[in-house]
file final.json (JSON, C-alpha atoms and all ligand atoms)
[["chain", "number", "residue", "atom", "x", "y", "z"],
["L", 28, "MET", "CA", 0.00, 0.00, 0.00],
["L", 29, "ARG", "CA", 1.46, 3.36, -0.96],
["L", 30, "THR", "CA", 1.17, 5.87, 1.81],
["L", 31, "GLU", "CA", 1.67, 9.60, 1.57],
["L", 32, "THR", "CA", 4.19, 9.50, 4.35],
["L", 33, "SER", "CA", 6.56, 6.97, 2.78],
["L", 34, "ALA", "CA", 6.26, 7.86, -0.90],
["L", 35, "GLY", "CA", 9.47, 9.21, -2.32],
["L", 36, "ARG", "CA", 11.57, 8.30, 0.71],
["L", 37, "SER", "CA", 14.41, 5.90, 1.09],
["L", 38, "ALA", "CA", 15.57, 3.77, 3.98],
["L", 39, "VAL", "CA", 18.78, 1.88, 4.56],
["L", 40, "VAL", "CA", 18.55, -1.36, 6.52],
["L", 41, "ILE", "CA", 21.93, -2.47, 7.78],
["L", 42, "GLY", "CA", 21.89, -6.22, 8.36],
["L", 43, "GLY", "CA", 19.01, -6.42, 5.91],
["L", 44, "ALA", "CA", 19.87, -9.79, 4.39],
["L", 45, "SER", "CA", 18.51, -11.85, 7.24],
["L", 46, "GLY", "CA", 16.13, -12.12, 10.17],
["L", 47, "ILE", "CA", 14.71, -8.94, 11.68],
["L", 48, "GLY", "CA", 16.49, -6.72, 9.16],
["L", 49, "ALA", "CA", 15.11, -8.65, 6.19],
["L", 50, "ALA", "CA", 11.60, -8.59, 7.63],
["L", 51, "THR", "CA", 11.90, -4.84, 8.23],
["L", 52, "ALA", "CA", 13.16, -4.25, 4.69],
["L", 53, "ASP", "CA", 10.25, -6.23, 3.27],
["L", 54, "LEU", "CA", 7.70, -4.32, 5.34],
["L", 55, "LEU", "CA", 9.14, -0.89, 4.54],
["L", 56, "ALA", "CA", 9.25, -1.69, 0.83],
["L", 57, "ALA", "CA", 5.67, -2.94, 0.97],
["L", 58, "ARG", "CA", 4.75, 0.42, 2.50],
["L", 59, "GLY", "CA", 6.38, 2.27, -0.36],
["L", 60, "TRP", "CA", 9.83, 3.05, 0.96],
["L", 61, "HIS", "CA", 12.77, 2.60, -1.38],
["L", 62, "VAL", "CA", 15.00, 0.26, 0.59],
["L", 63, "VAL", "CA", 18.69, -0.44, 0.32],
["L", 64, "CYS", "CA", 19.81, -3.42, 2.38],
["L", 65, "ALA", "CA", 23.43, -3.43, 3.46],
["L", 66, "ASP", "CA", 24.99, -6.65, 4.64],
["L", 67, "ILE", "CA", 28.11, -8.80, 4.48],
["L", 68, "ALA", "CA", 25.95, -11.79, 3.58],
["L", 69, "ASP", "CA", 23.93, -12.48, 0.48],
["L", 70, "PRO", "CA", 20.18, -12.39, 0.97],
["L", 71, "PRO", "CA", 18.71, -15.87, 1.22],
["L", 72, "ASP", "CA", 15.60, -16.85, -0.66],
["L", 73, "GLN", "CA", 13.50, -16.26, 2.41],
["L", 74, "SER", "CA", 13.91, -13.77, 5.25],
["L", 75, "ASP", "CA", 14.11, -16.46, 7.88],
["L", 76, "ALA", "CA", 16.35, -18.90, 6.05],
["L", 77, "VAL", "CA", 19.70, -19.61, 7.63],
["L", 78, "GLY", "CA", 22.15, -16.79, 6.92],
["L", 79, "ARG", "CA", 25.87, -16.59, 7.43],
["L", 80, "GLY", "CA", 26.26, -13.83, 10.01],
["L", 81, "LEU", "CA", 29.83, -13.44, 11.11],
["L", 82, "ASP", "CA", 30.71, -16.63, 9.30],
["L", 83, "GLY", "CA", 30.56, -14.52, 6.14],
["L", 84, "PRO", "CA", 33.64, -13.04, 4.51],
["L", 85, "GLY", "CA", 36.19, -11.95, 7.08],
["L", 86, "PRO", "CA", 38.42, -8.90, 7.34],
["L", 87, "ASP", "CA", 40.90, -10.33, 4.86],
["L", 88, "ARG", "CA", 38.35, -10.71, 2.11],
["L", 89, "PRO", "CA", 38.84, -8.77, -1.11],
["L", 90, "GLU", "CA", 36.86, -5.56, -1.45],
["L", 91, "ARG", "CA", 33.54, -6.10, -3.19],
["L", 92, "ASP", "CA", 32.51, -2.49, -3.41],
["L", 93, "ASN", "CA", 29.06, -1.83, -4.72],
["L", 94, "ARG", "CA", 28.46, -5.43, -5.64],
["L", 95, "GLU", "CA", 24.94, -5.71, -6.85],
["L", 96, "VAL", "CA", 23.30, -8.69, -5.21],
["L", 97, "ASP", "CA", 19.68, -8.32, -6.12],
["L", 98, "ASP", "CA", 17.41, -5.58, -7.33],
["L", 99, "ARG", "CA", 13.70, -5.99, -7.40],
["L", 100, "ALA", "CA", 10.75, -3.70, -7.48],
["L", 101, "VAL", "CA", 8.13, -4.75, -4.99],
["L", 102, "GLY", "CA", 5.38, -2.31, -5.90],
["L", 103, "GLY", "CA", 3.03, -2.70, -8.81],
["L", 104, "ALA", "CA", 2.70, -0.04, -11.49],
["L", 105, "ASP", "CA", -0.28, 1.56, -9.78],
["L", 106, "ASP", "CA", 0.80, 0.73, -6.30],
["L", 107, "ALA", "CA", 3.78, 1.39, -4.08],
["L", 108, "PRO", "CA", 7.00, 2.75, -5.53],
["L", 109, "GLY", "CA", 8.95, 0.66, -3.04],
["L", 110, "SER", "CA", 12.09, -0.90, -4.43],
["L", 111, "MET", "CA", 14.67, -3.12, -2.82],
["L", 112, "ARG", "CA", 18.38, -3.36, -3.44],
["L", 113, "HIS", "CA", 20.89, -5.53, -1.65],
["L", 114, "ARG", "CA", 24.41, -4.21, -1.39],
["L", 115, "TYR", "CA", 27.54, -5.63, 0.12],
["L", 116, "ALA", "CA", 28.62, -3.44, 3.04],
["L", 117, "ASP", "CA", 30.52, -4.20, 6.21],
["L", 118, "ALA", "CA", 28.97, -2.19, 9.02],
["L", 119, "THR", "CA", 32.33, -1.97, 10.77],
["L", 120, "ARG", "CA", 33.65, 0.07, 7.82],
["L", 121, "LEU", "CA", 32.58, 3.68, 7.55],
["L", 122, "ALA", "CA", 33.42, 3.86, 3.83],
["L", 123, "ASP", "CA", 31.06, 0.96, 3.06],
["L", 124, "LEU", "CA", 28.29, 2.60, 5.05],
["L", 125, "ARG", "CA", 28.77, 5.98, 3.42],
["L", 126, "ARG", "CA", 28.52, 4.33, 0.00],
["L", 127, "VAL", "CA", 25.17, 2.66, 0.70],
["L", 128, "VAL", "CA", 23.54, 5.68, 2.35],
["L", 129, "ALA", "CA", 24.64, 7.82, -0.59],
["L", 130, "GLU", "CA", 23.16, 5.29, -3.02],
["L", 131, "ALA", "CA", 19.85, 5.28, -1.15],
["L", 132, "ASP", "CA", 19.78, 9.06, -0.99],
["L", 133, "ALA", "CA", 20.30, 9.23, -4.75],
["L", 134, "ILE", "CA", 17.15, 7.11, -5.26],
["L", 135, "ALA", "CA", 15.01, 9.24, -2.94],
["L", 136, "PRO", "CA", 15.79, 11.39, 0.10],
["L", 137, "LEU", "CA", 17.11, 9.24, 2.92],
["L", 138, "LYS", "CA", 14.64, 9.46, 5.80],
["L", 139, "ALA", "CA", 15.30, 6.29, 7.78],
["L", 140, "LEU", "CA", 18.27, 4.27, 8.93],
["L", 141, "VAL", "CA", 17.71, 0.91, 10.59],
["L", 142, "PHE", "CA", 20.65, -0.81, 12.25],
["L", 143, "SER", "CA", 19.89, -4.53, 12.48],
["L", 144, "ALA", "CA", 23.33, -6.01, 11.93],
["L", 145, "GLY", "CA", 24.56, -8.10, 14.77],
["L", 146, "ALA", "CA", 26.00, -11.30, 16.05],
["L", 147, "GLU", "CA", 25.94, -13.08, 19.39],
["L", 148, "ARG", "CA", 28.82, -15.11, 20.77],
["L", 149, "HIS", "CA", 28.88, -16.24, 24.34],
["L", 150, "GLY", "CA", 31.74, -15.88, 26.79],
["L", 151, "ASP", "CA", 32.53, -14.29, 30.15],
["L", 152, "VAL", "CA", 35.27, -11.68, 30.49],
["L", 153, "LEU", "CA", 37.86, -14.42, 31.01],
["L", 154, "ALA", "CA", 36.92, -16.19, 27.79],
["L", 155, "GLU", "CA", 39.50, -16.73, 25.08],
["L", 156, "ASP", "CA", 41.88, -13.81, 24.58],
["L", 157, "GLY", "CA", 39.30, -11.07, 24.33],
["L", 158, "THR", "CA", 38.33, -11.94, 20.76],
["L", 159, "ILE", "CA", 34.68, -12.47, 21.61],
["L", 160, "TRP", "CA", 34.54, -9.18, 23.48],
["L", 161, "ASP", "CA", 36.11, -7.27, 20.59],
["L", 162, "GLN", "CA", 33.81, -8.90, 18.04],
["L", 163, "MET", "CA", 30.66, -8.25, 20.09],
["L", 164, "ILE", "CA", 31.53, -4.59, 20.66],
["L", 165, "ASP", "CA", 32.61, -4.08, 17.03],
["L", 166, "VAL", "CA", 29.57, -5.53, 15.30],
["L", 167, "ASN", "CA", 26.83, -4.71, 17.81],
["L", 168, "LEU", "CA", 27.92, -1.30, 19.08],
["L", 169, "THR", "CA", 30.73, 0.35, 17.12],
["L", 170, "ALA", "CA", 28.98, -0.54, 13.86],
["L", 171, "ALA", "CA", 25.80, 1.16, 15.13],
["L", 172, "TYR", "CA", 27.86, 4.27, 15.87],
["L", 173, "LEU", "CA", 29.49, 4.15, 12.43],
["L", 174, "SER", "CA", 26.10, 3.68, 10.75],
["L", 175, "ALA", "CA", 24.76, 6.74, 12.52],
["L", 176, "ARG", "CA", 27.89, 8.64, 11.56],
["L", 177, "ALA", "CA", 27.27, 7.76, 7.92],
["L", 178, "GLY", "CA", 23.51, 8.31, 7.87],
["L", 179, "ILE", "CA", 22.67, 11.17, 10.23],
["L", 180, "PRO", "CA", 24.26, 13.92, 8.09],
["L", 181, "LEU", "CA", 21.95, 12.94, 5.22],
["L", 182, "LEU", "CA", 18.91, 12.79, 7.50],
["L", 183, "ILE", "CA", 19.72, 16.30, 8.72],
["L", 184, "ALA", "CA", 20.26, 17.53, 5.16],
["L", 185, "ASN", "CA", 16.85, 16.09, 4.23],
["L", 186, "GLY", "CA", 15.08, 18.01, 6.98],
["L", 187, "GLY", "CA", 15.06, 15.17, 9.51],
["L", 188, "GLY", "CA", 14.42, 11.48, 9.72],
["L", 189, "SER", "CA", 14.58, 8.49, 11.99],
["L", 190, "VAL", "CA", 17.21, 6.07, 13.25],
["L", 191, "VAL", "CA", 16.31, 2.74, 14.83],
["L", 192, "VAL", "CA", 18.96, 0.56, 16.44],
["L", 193, "LEU", "CA", 18.26, -3.09, 17.25],
["L", 194, "SER", "CA", 19.37, -3.57, 20.82],
["L", 195, "SER", "CA", 18.17, -6.52, 22.91],
["L", 196, "VAL", "CA", 16.60, -7.43, 26.22],
["L", 197, "GLN", "CA", 20.14, -8.65, 26.95],
["L", 198, "GLY", "CA", 21.08, -4.99, 27.34],
["L", 199, "ILE", "CA", 18.61, -4.74, 30.25],
["L", 200, "ALA", "CA", 18.81, -8.16, 31.93],
["L", 201, "THR", "CA", 21.21, -10.84, 30.87],
["L", 202, "GLU", "CA", 22.37, -14.39, 31.54],
["L", 203, "PRO", "CA", 25.66, -15.89, 32.68],
["L", 204, "GLY", "CA", 28.44, -15.99, 30.10],
["L", 205, "ASN", "CA", 27.26, -13.27, 27.73],
["L", 206, "ALA", "CA", 29.43, -10.31, 28.77],
["L", 207, "GLY", "CA", 30.35, -8.83, 25.40],
["L", 208, "TYR", "CA", 26.87, -9.04, 23.87],
["L", 209, "ALA", "CA", 25.15, -7.71, 27.02],
["L", 210, "ALA", "CA", 27.58, -4.80, 27.25],
["L", 211, "ALA", "CA", 27.23, -3.95, 23.57],
["L", 212, "LYS", "CA", 23.43, -4.04, 23.68],
["L", 213, "ALA", "CA", 23.33, -1.88, 26.83],
["L", 214, "GLY", "CA", 25.76, 0.47, 25.11],
["L", 215, "ALA", "CA", 23.48, 0.69, 22.11],
["L", 216, "MET", "CA", 20.68, 2.01, 24.34],
["L", 217, "GLY", "CA", 22.99, 4.66, 25.76],
["L", 218, "LEU", "CA", 24.13, 5.59, 22.28],
["L", 219, "VAL", "CA", 20.52, 5.98, 21.17],
["L", 220, "ARG", "CA", 19.71, 8.31, 24.07],
["L", 221, "ALA", "CA", 22.81, 10.41, 23.37],
["L", 222, "MET", "CA", 22.07, 10.71, 19.66],
["L", 223, "ALA", "CA", 18.43, 11.59, 20.36],
["L", 224, "LEU", "CA", 19.58, 14.51, 22.52],
["L", 225, "ASP", "CA", 22.26, 15.63, 20.10],
["L", 226, "HIS", "CA", 20.13, 15.60, 16.95],
["L", 227, "GLY", "CA", 16.53, 16.09, 18.07],
["L", 228, "ARG", "CA", 16.53, 19.77, 17.20],
["L", 229, "GLN", "CA", 17.79, 18.87, 13.73],
["L", 230, "GLY", "CA", 14.68, 16.75, 13.21],
["L", 231, "VAL", "CA", 16.32, 13.39, 13.78],
["L", 232, "ARG", "CA", 14.54, 10.92, 16.05],
["L", 233, "VAL", "CA", 16.57, 8.01, 17.41],
["L", 234, "ASN", "CA", 15.12, 4.96, 19.13],
["L", 235, "ALA", "CA", 16.16, 1.47, 20.14],
["L", 236, "VAL", "CA", 14.15, -1.73, 19.91],
["L", 237, "ALA", "CA", 14.94, -4.44, 22.44],
["L", 238, "PRO", "CA", 13.45, -7.74, 21.32],
["L", 239, "GLY", "CA", 13.07, -10.87, 23.39],
["L", 240, "THR", "CA", 13.83, -14.10, 21.58],
["L", 241, "VAL", "CA", 13.02, -13.96, 17.87],
["L", 242, "ASP", "CA", 13.05, -16.92, 15.50],
["L", 243, "THR", "CA", 15.86, -15.84, 13.18],
["L", 244, "PRO", "CA", 18.97, -17.50, 11.80],
["L", 245, "LEU", "CA", 20.96, -15.93, 14.66],
["L", 246, "VAL", "CA", 18.80, -17.59, 17.29],
["L", 247, "ARG", "CA", 18.59, -20.85, 15.36],
["L", 248, "ARG", "CA", 22.39, -21.02, 15.33],
["L", 249, "ASN", "CA", 22.36, -20.54, 19.12],
["L", 250, "ALA", "CA", 19.67, -23.20, 19.52],
["L", 251, "ALA", "CA", 21.60, -25.64, 17.32],
["L", 252, "ALA", "CA", 24.69, -25.08, 19.47],
["L", 253, "VAL", "CA", 22.71, -26.10, 22.55],
["L", 254, "ARG", "CA", 21.04, -29.18, 21.01],
["L", 255, "PRO", "CA", 22.06, -29.86, 17.41],
["L", 256, "GLU", "CA", 19.59, -32.72, 17.02],
["L", 257, "ASP", "CA", 16.53, -30.67, 18.00],
["L", 258, "PRO", "CA", 16.86, -26.87, 17.82],
["L", 259, "ASP", "CA", 13.07, -26.55, 17.62],
["L", 260, "ALA", "CA", 12.78, -28.01, 21.12],
["L", 261, "VAL", "CA", 15.35, -25.50, 22.37],
["L", 262, "LEU", "CA", 13.38, -22.65, 20.78],
["L", 263, "ALA", "CA", 10.16, -23.95, 22.32],
["L", 264, "GLY", "CA", 11.87, -23.99, 25.73],
["L", 265, "TRP", "CA", 13.06, -20.42, 25.29],
["L", 266, "GLY", "CA", 9.55, -19.49, 24.24],
["L", 267, "GLU", "CA", 8.26, -20.73, 27.61],
["L", 268, "LEU", "CA", 10.28, -17.99, 29.33],
["L", 269, "HIS", "CA", 8.08, -15.37, 27.64],
["L", 270, "ALA", "CA", 4.66, -14.45, 29.03],
["L", 271, "LEU", "CA", 3.15, -15.27, 25.65],
["L", 272, "GLY", "CA", 4.66, -18.77, 25.80],
["L", 273, "ARG", "CA", 6.50, -18.51, 22.50],
["L", 274, "VAL", "CA", 9.32, -16.71, 20.72],
["L", 275, "ALA", "CA", 8.62, -13.88, 18.27],
["L", 276, "ARG", "CA", 8.48, -13.89, 14.50],
["L", 277, "SER", "CA", 10.76, -11.40, 12.75],
["L", 278, "SER", "CA", 7.70, -9.66, 11.33],
["L", 279, "GLU", "CA", 6.51, -8.83, 14.85],
["L", 280, "ILE", "CA", 9.69, -6.87, 15.52],
["L", 281, "ALA", "CA", 9.66, -5.33, 12.03],
["L", 282, "ALA", "CA", 6.18, -3.94, 12.70],
["L", 283, "VAL", "CA", 7.49, -1.91, 15.63],
["L", 284, "VAL", "CA", 10.54, -0.71, 13.68],
["L", 285, "ALA", "CA", 8.28, 0.36, 10.81],
["L", 286, "PHE", "CA", 6.11, 2.30, 13.25],
["L", 287, "LEU", "CA", 9.14, 4.03, 14.76],
["L", 288, "VAL", "CA", 10.40, 5.25, 11.37],
["L", 289, "SER", "CA", 6.93, 6.40, 10.35],
["L", 290, "ASP", "CA", 5.52, 9.87, 10.86],
["L", 291, "GLU", "CA", 3.05, 8.34, 13.32],
["L", 292, "ALA", "CA", 5.95, 8.14, 15.77],
["L", 293, "SER", "CA", 6.75, 11.83, 15.34],
["L", 294, "PHE", "CA", 7.04, 12.48, 19.10],
["L", 295, "VAL", "CA", 8.96, 9.30, 19.95],
["L", 296, "THR", "CA", 12.68, 9.68, 20.47],
["L", 297, "GLY", "CA", 15.41, 8.62, 22.87],
["L", 298, "ALA", "CA", 13.39, 5.57, 23.86],
["L", 299, "THR", "CA", 14.01, 1.87, 24.05],
["L", 300, "TRP", "CA", 11.00, -0.11, 22.93],
["L", 301, "THR", "CA", 10.94, -3.51, 24.60],
["L", 302, "VAL", "CA", 9.25, -6.01, 22.30],
["L", 303, "ASP", "CA", 9.73, -9.15, 24.31],
["L", 304, "GLY", "CA", 6.43, -11.02, 24.64],
["L", 305, "GLY", "CA", 6.57, -10.32, 28.38],
["L", 306, "LEU", "CA", 10.01, -11.89, 28.93],
["L", 307, "LEU", "CA", 11.19, -9.13, 31.28],
["L", 308, "ALA", "CA", 7.89, -9.04, 33.15],
["L", 309, "SER", "CA", 9.10, -12.05, 35.13],
["L", 310, "TYR", "CA", 12.01, -12.41, 37.54],
["L", 311, "GLY", "CA", 12.03, -16.19, 37.49],
["L", 401, "LIG", "N1", 16.93, -12.90, 17.10],
["L", 401, "LIG", "C1", 16.80, -12.49, 18.35],
["L", 401, "LIG", "O1", 16.28, -13.23, 19.23],
["L", 401, "LIG", "C2", 17.28, -11.14, 18.76],
["L", 401, "LIG", "C3", 16.94, -10.70, 20.04],
["L", 401, "LIG", "C4", 17.37, -9.45, 20.44],
["L", 401, "LIG", "C5", 18.12, -8.66, 19.61],
["L", 401, "LIG", "N2", 18.44, -9.12, 18.36],
["L", 401, "LIG", "C6", 19.25, -8.24, 17.53],
["L", 401, "LIG", "O2", 18.56, -7.96, 16.34],
["L", 401, "LIG", "C7", 19.49, -7.75, 15.28],
["L", 401, "LIG", "C8", 19.17, -8.69, 14.12],
["L", 401, "LIG", "O3", 19.34, -10.01, 14.58],
["L", 401, "LIG", "P1", 18.75, -11.27, 13.81],
["L", 401, "LIG", "O4", 18.28, -12.19, 14.85],
["L", 401, "LIG", "O5", 17.85, -10.83, 12.74],
["L", 401, "LIG", "O6", 20.12, -11.88, 13.25],
["L", 401, "LIG", "P2", 20.50, -12.46, 11.80],
["L", 401, "LIG", "O7", 21.79, -13.18, 12.00],
["L", 401, "LIG", "O8", 19.37, -13.19, 11.21],
["L", 401, "LIG", "O9", 20.75, -11.12, 10.96],
["L", 401, "LIG", "C9", 21.82, -10.28, 11.28],
["L", 401, "LIG", "C10", 22.40, -9.80, 9.96],
["L", 401, "LIG", "O10", 23.52, -8.95, 10.29],
["L", 401, "LIG", "C11", 24.49, -9.17, 9.31],
["L", 401, "LIG", "N3", 25.79, -8.73, 9.76],
["L", 401, "LIG", "C12", 26.59, -9.27, 10.71],
["L", 401, "LIG", "N4", 27.73, -8.59, 10.78],
["L", 401, "LIG", "C13", 27.66, -7.60, 9.85],
["L", 401, "LIG", "C14", 28.53, -6.57, 9.46],
["L", 401, "LIG", "N5", 29.75, -6.41, 9.99],
["L", 401, "LIG", "N6", 28.15, -5.74, 8.46],
["L", 401, "LIG", "C15", 26.93, -5.88, 7.88],
["L", 401, "LIG", "N7", 26.07, -6.84, 8.22],
["L", 401, "LIG", "C16", 26.42, -7.68, 9.21],
["L", 401, "LIG", "C17", 24.45, -10.69, 9.10],
["L", 401, "LIG", "O11", 25.10, -11.06, 7.88],
["L", 401, "LIG", "C18", 22.97, -10.94, 9.08],
["L", 401, "LIG", "O12", 22.44, -10.85, 7.78],
["L", 401, "LIG", "C19", 20.88, -8.01, 15.88],
["L", 401, "LIG", "O13", 21.43, -6.78, 16.29],
["L", 401, "LIG", "C20", 20.57, -8.85, 17.10],
["L", 401, "LIG", "O14", 21.56, -8.73, 18.09],
["L", 401, "LIG", "C21", 18.04, -10.34, 17.91]]

call {"tool": "encode", "arguments": {"input": "final.json", "output": "structure tokens", "more": "lines below"}}
Ligand SMILES: NC(=O)c1ccc[n+]([C@@H]2O[C@H](COP(=O)([O-])OP(=O)(O)OC[C@H]3O[C@@H](n4cnc5c(N)ncnc54)[C@H](O)[C@@H]3O)[C@@H](O)[C@H]2O)c1
result
Amino acid sequence: MRTETSAGRSAVVIGGASGIGAATADLLAARGWHVVCADIADPPDQSDAVGRGLDGPGPDRPERDNREVDDRAVGGADDAPGSMRHRYADATRLADLRRVVAEADAIAPLKALVFSAGAERHGDVLAEDGTIWDQMIDVNLTAAYLSARAGIPLLIANGGGSVVVLSSVQGIATEPGNAGYAAAKAGAMGLVRAMALDHGRQGVRVNAVAPGTVDTPLVRRNAAAVRPEDPDAVLAGWGELHALGRVARSSEIAAVVAFLVSDEASFVTGATWTVDGGLLASYG
């Protein structure tokens, strides 16, 4: 459905090849946004198919600047103008991010930036040699900062816009052995508050979304690590921790992100939206 508010606007979804990012990209495009997905992984056939996450090309990979992965128009001739492009971009590299936001802004004024890249590796502060810590901070927090650094100048130049950063309930309450991820996700909430204060008067709203457990390739990898022979049972068990008795679908998180970038959320900034099926309502 083409809406007045989204027509002629572009959005960049970082981490848009998989899971919550892919679902958000699909929903925004369906609502008429021109969407550029930025990711280190190729988009799978389906949003919730198993992606590669950090198992994708590493820091030593050759540059693949502006590699065109997939272009498709999702709106009909008389319907939404939404289009979708997938571009290779490493969110830990400012130059990659600047390239994709500039490409989106050339299609239509950039009005939304969604940061949904991420990875989760477990370990306490004594784990390994600090590699897990560095990786968790780099991809979940520093990359969010770099994405904002790339995108916010264009949002300001376009008269304002919206940034949404995918944090996690793990940034509010965590579990043993998840130090790097918990710290990065808590940091993302602080970063969101700071950016909301710094850029509110320039018309830029900045919010975080903190999901509970969502059925995505990231979570399926975690479930398979716990019980390779039956990850579905692991997911069902995690679902029981939520008041709703199940984990979320990516589309349920995407719906909140899409609201936050819409004009309907025009007075919402500096906030963390917990979308956790009641997970944090319980202490036991
Ligand atoms: N799935 C959950 O239960 C859950 C819960 C809370 C928060 N989150 C957060 O939501 C976000 C999306 O998670 P998801 O579950 O959809 O995971 P996912 O693995 O399905 O998707 C994450 C995407 O990020 C991409 N990515 C990783 N490193 C990147 C980099 N350096 N540059 C560009 N792209 C990169 C991956 O390739 C992947 O496509 C993450 O920040 C995650 O921490 C997820």

call {"tool": "residues_near_ligand", "arguments": {"input": "final.json", "ligand": "ligand LIG 401 (chain L)", "cutoff": "7 Å", "atoms": "all atoms listed in the file", "output": "MDAnalysis selection string"}}
result
chainID L and resid 41:48 65:68 78:81 83 116:119 143:147 166:167 193:196 237:246

call {"tool": "residues_around", "arguments": {"input": "final.json", "residues": "L:Val62", "least_positions_apart": "3", "cutoff": "6 Å", "atoms": "all atoms listed in the file", "output": "number ranges by chain"}}
result
L: 37-39, 110-111

call {"tool": "atom_distance", "arguments": {"input": "final.json", "atom1": "atom CA of L:Ser277", "atom2": "atom CA of L:Tyr208"}}
result
19.7 Å

call {"tool": "closest_residue", "arguments": {"input": "final.json", "among": "L:Ala235, L:Ala171, L:Asp156, L:Ala251", "to": "L:Val191", "atoms": "all atoms listed in the file"}}
result
L:Ala235

call {"tool": "closest_residue", "arguments": {"input": "final.json", "among": "L:Gly188, L:Gly198, L:Gly305, L:Pro255", "to": "L:Val233", "atoms": "all atoms listed in the file"}}
result
L:Gly188

call {"tool": "atom_distance", "arguments": {"input": "final.json", "atom1": "atom CA of L:Ala57", "atom2": "atom CA of L:Arg176"}}
result
27.2 Å

call {"tool": "closest_residue", "arguments": {"input": "final.json", "among": "L:Ala270, L:Leu140, L:Ile159, L:Leu181", "to": "L:Ala210", "atoms": "only C-alpha atoms"}}
result
L:Ile159

call {"tool": "atom_distance", "arguments": {"input": "final.json", "atom1": "atom CA of L:Ala221", "atom2": "atom CA of L:Cys64"}}
result
25.3 Å

call {"tool": "closest_residue", "arguments": {"input": "final.json", "among": "L:Phe294, L:Tyr310, L:Trp265, L:Trp60", "to": "L:Ala131", "atoms": "only C-alpha atoms"}}
result
L:Trp60

call {"tool": "closest_residue", "arguments": {"input": "final.json", "among": "L:Gly186, L:His113, L:Val63, L:Ala154", "to": "L:Glu130", "atoms": "only C-alpha atoms"}}
result
L:Val63

call {"tool": "residues_around", "arguments": {"input": "final.json", "residues": "L:Gly217", "least_positions_apart": "2", "cutoff": "12 Å", "atoms": "all atoms listed in the file", "output": "list of chain:residue names"}}
result
L:Leu168, L:Ala171, L:Tyr172, L:Val192, L:Ser194, L:Gly198, L:Ile199, L:Ala210, L:Ala211, L:Lys212, L:Ala213, L:Gly214, L:Ala215, L:Val219, L:Arg220, L:Ala221, L:Met222, L:Ala223, L:Leu224, L:Val233, L:Asn234, L:Ala235, L:Gly297, L:Ala298, L:Thr299
